[in-house]
Amino acid sequence: MNSAANAPVSPTAGTRVPIGLLVGIAALAGVLLLPMPADLPVAGHRVLAILAFAVVVWISEAVSYEASAIMITSLMAFLLGTAPTVADPSVIYGSSAAITLALTGFSNSALALVVGALFIAAAMTHTGLDRRIALVTLSSIGVSTRRILIGAVAVTVLLSLVVPSATARSACVVPIMMGVIAAFGVDKRSNIAAGIMIIVAQGTSIWNIGIQTAAAQNLLTVGFMDKMLGARVSWIDWLIAGAPWALIMSVVLIVLVLKMLPPESEAIPGGKAAVNKTLAELGPMTAAQKRLLGVSLLLLLAWATEGKLHHFDTTSTTYAGLVILLLPRLGVMTWKDVQARIPWGTVIVFGVGISLGTTLLTTQAGQWLGAQVVAHTGLDQLGTLGVFSILAAFLILIHLGFASATALTSALLPILIAVLQTLPGDFSRLGMTMALGFVVSYGFILPINAPQNMVCLGTETFTAKQFARVGILVTLIGYGLMLVFAATWWQWLGWM
C-alpha cells in the first residue's frame, strides 16, 4: 500500500478560517474592550464595534458580501439585543427590537429602487435590447480607432440611462467590444484592445457619477439622505450636477488613452462591416424590445420631470414601469424569465448596509464619531471647499481597500453625513452628501476596486499596471475637476 495514502491530509485553503475574518473578530473584540466614553451610549459603542468588524471583513473579502451581511445582522441582533436603549438606559433593547433595527433597511425605498433597477437590467438582458443599443451606437459612430473609443464611451452613456446596473452594462458591452477587436484582426494585447477595454471600465465608473440610477451606491446615498437629512436629490438635479463633470472626464479619458496607449493604426478595415453583420444577425427589432424601449423612455421622462411635472418619486415611477413589463401579453418578461438574472445577494448586502447606517444614527454612534472627527481634525476651521477637498481625498484613498462601492458607502457615508451635521456654517449638507456620493464611485486605480473593472480585466487585453497608469491620472484630474466644480458650478446650483 502506498504510504502517501495514509499520510495526514493537510488543511486546504477552503477549510482554513480566513485571516481577514479573524482580524475582523479581533477588531470587534478590541473596540468592545475599549473604555466606553461617557458621552457614547452603550448601544452606540457596540454598533461601532460591529462597524469595525464589517469594515475589516469587507476590505479583506474574507467571506462573501452576502455572508458578511448575515454575520452583521446576527451581531446586531445579539449585541444590541443585550444593550440598554438610548432613550431609557434602564430598559434593554431585547433581541426582537434589535433584529428589527438590523432589518430596517429592507423597508427603505432606496432598496426597493435597487430591486426595481435590477429587474429592468434583467429585462434588458432577457430581450437583448441592451446589446442592440450598443451595436446600433457603434455602427453609427464609425470605425476609426479614435471613433471606436468615442463609441465605447457613447455606448456606456446610453446604457447608463436605461440599464441601472454597472455590472450588467459591462457584461453586455464587453462581449460586443471583444467581437469588434476580433473583427479588426488586432492582437488581444495590442494598445487598441487595451484602450477599448480600459475605456469601457473607466467610462462606466465615470457615468456612475453622472447618472443617479446608474449605480447601486448612488441609490444607497439617496437612501441615507432620506434617513439622515430628511430630504434627497432628485434624478434630474443629480444629472444637472454630475453629468457635466462626467462629460468632461469622458473627453479626458479618451485623450489619456490615446496618449498613453497610442493605437497601432488609425483606421481598421472591415470594422464597420463586422458590427453591421452582428447587428444584422439580430434581425429586426422584436415587439418585446420595442415595448421595453418605450417603457424605458417613459421612465426616463418620469425620472427627469419629478418635482417639475409630477410629484411621484423615482421608486414609485420605476415600479409602475415594472408593472407594465410584467403584465401578460403587454409586458416583456415573467418572473421565471428574470429571477435567475437578479443578483439577490446584492439586495441582501444593500438592505443590511442601510440598516447598519441607520443604526449608527439611531444609537448616536454616528453623531459621536462625527463629533470626534471634527474635534480632532480641525475641519470646523475650514471653509466649505476645504471640508469637501479633505473628505473627498479621504474617500478616494480608503476606496483603494474596498472592492465594493456599495460596501464603502454603507461603512462610511453615514459617518461623513454625521460629520457634516456637526460642522458649523451655512452650507448645503444635502449637496455636500451628493458630492461625496460622487467620489464613492472613484474606482479608477485598481481593477479590484469595481466589478466592471474585473469584468474587463478578465478579457486579458490589459494589465493591472496599464489600468493603474491611466487610472491614477483619471483620479487626479477628476479630483481636481471636482474641486473646480465645487467652487463654481455646484456653488451656483446651491449645492455647496
# chains A, B, ... in the order shown; residues from 1 in each chain; ligands from 1
>>> residues_around(residues="Asp380 of chain A", least_positions_apart="3", cutoff="8 Å", atoms="only C-alpha atoms", output="short mmCIF file (atom, residue, chain, number, x, y, z; two decimals) with C-alpha atoms, in the first residue's frame")
data_model
loop_
_atom_site.label_atom_id
_atom_site.label_comp_id
_atom_site.auth_asym_id
_atom_site.auth_seq_id
_atom_site.Cartn_x
_atom_site.Cartn_y
_atom_site.Cartn_z
CA VAL A 374 -14.48 67.31 13.73
CA ALA A 375 -12.85 67.87 17.13
CA GLY A 383 -14.45 76.62 4.58
CA LEU A 423 -19.85 71.18 11.31
CA PRO A 424 -20.78 74.82 11.83
#
>>> residues_around(residues="Trp235 of chain A", least_positions_apart="4", cutoff="9 Å", atoms="only C-alpha atoms", output="MDAnalysis selection string")
chainID A and resid 211:213 239:240 303:306 314
>>> closest_atom_pairs(of="segment 432-472 of chain A", to="segment 476-483 of chain A", cutoff="12 Å", atoms="only C-alpha atoms", output="JSON lines")
{"residue": "A:Met432", "atom": "CA", "partner": "A:Met482", "partner_atom": "CA", "distance": 11.7}
{"residue": "A:Ala435", "atom": "CA", "partner": "A:Met482", "partner_atom": "CA", "distance": 8.4}
{"residue": "A:Leu436", "atom": "CA", "partner": "A:Met482", "partner_atom": "CA", "distance": 10.2}
{"residue": "A:Phe438", "atom": "CA", "partner": "A:Met482", "partner_atom": "CA", "distance": 9.3}
{"residue": "A:Val439", "atom": "CA", "partner": "A:Tyr479", "partner_atom": "CA", "distance": 8.3}
{"residue": "A:Val440", "atom": "CA", "partner": "A:Tyr479", "partner_atom": "CA", "distance": 11.7}
{"residue": "A:Ser441", "atom": "CA", "partner": "A:Gly478", "partner_atom": "CA", "distance": 11.2}
{"residue": "A:Tyr442", "atom": "CA", "partner": "A:Gly478", "partner_atom": "CA", "distance": 8.8}
{"residue": "A:Gly443", "atom": "CA", "partner": "A:Gly478", "partner_atom": "CA", "distance": 11.6}
{"residue": "A:Phe444", "atom": "CA", "partner": "A:Gly478", "partner_atom": "CA", "distance": 10.0}
{"residue": "A:Ile445", "atom": "CA", "partner": "A:Leu476", "partner_atom": "CA", "distance": 10.3}
{"residue": "A:Ala468", "atom": "CA", "partner": "A:Leu476", "partner_atom": "CA", "distance": 11.9}
{"residue": "A:Arg469", "atom": "CA", "partner": "A:Leu476", "partner_atom": "CA", "distance": 11.3}
{"residue": "A:Val470", "atom": "CA", "partner": "A:Leu476", "partner_atom": "CA", "distance": 10.3}
{"residue": "A:Gly471", "atom": "CA", "partner": "A:Leu476", "partner_atom": "CA", "distance": 8.6}
{"residue": "A:Ile472", "atom": "CA", "partner": "A:Leu476", "partner_atom": "CA", "distance": 6.2}
>>> closest_residue(among="A:Leu361, A:Ile25, A:Leu261, A:Val153", to="Val47 of chain A", atoms="only C-alpha atoms")
A:Leu361
>>> closest_residue(among="A:Ala152, A:Ser139, A:Ala194, A:Ala201", to="Val455 of chain A", atoms="only C-alpha atoms")
A:Ala201
>>> closest_residue(among="A:Ile254, A:Cys456, A:Ala112, A:Ile50", to="Ser316 of chain A", atoms="only C-alpha atoms")
A:Ala112
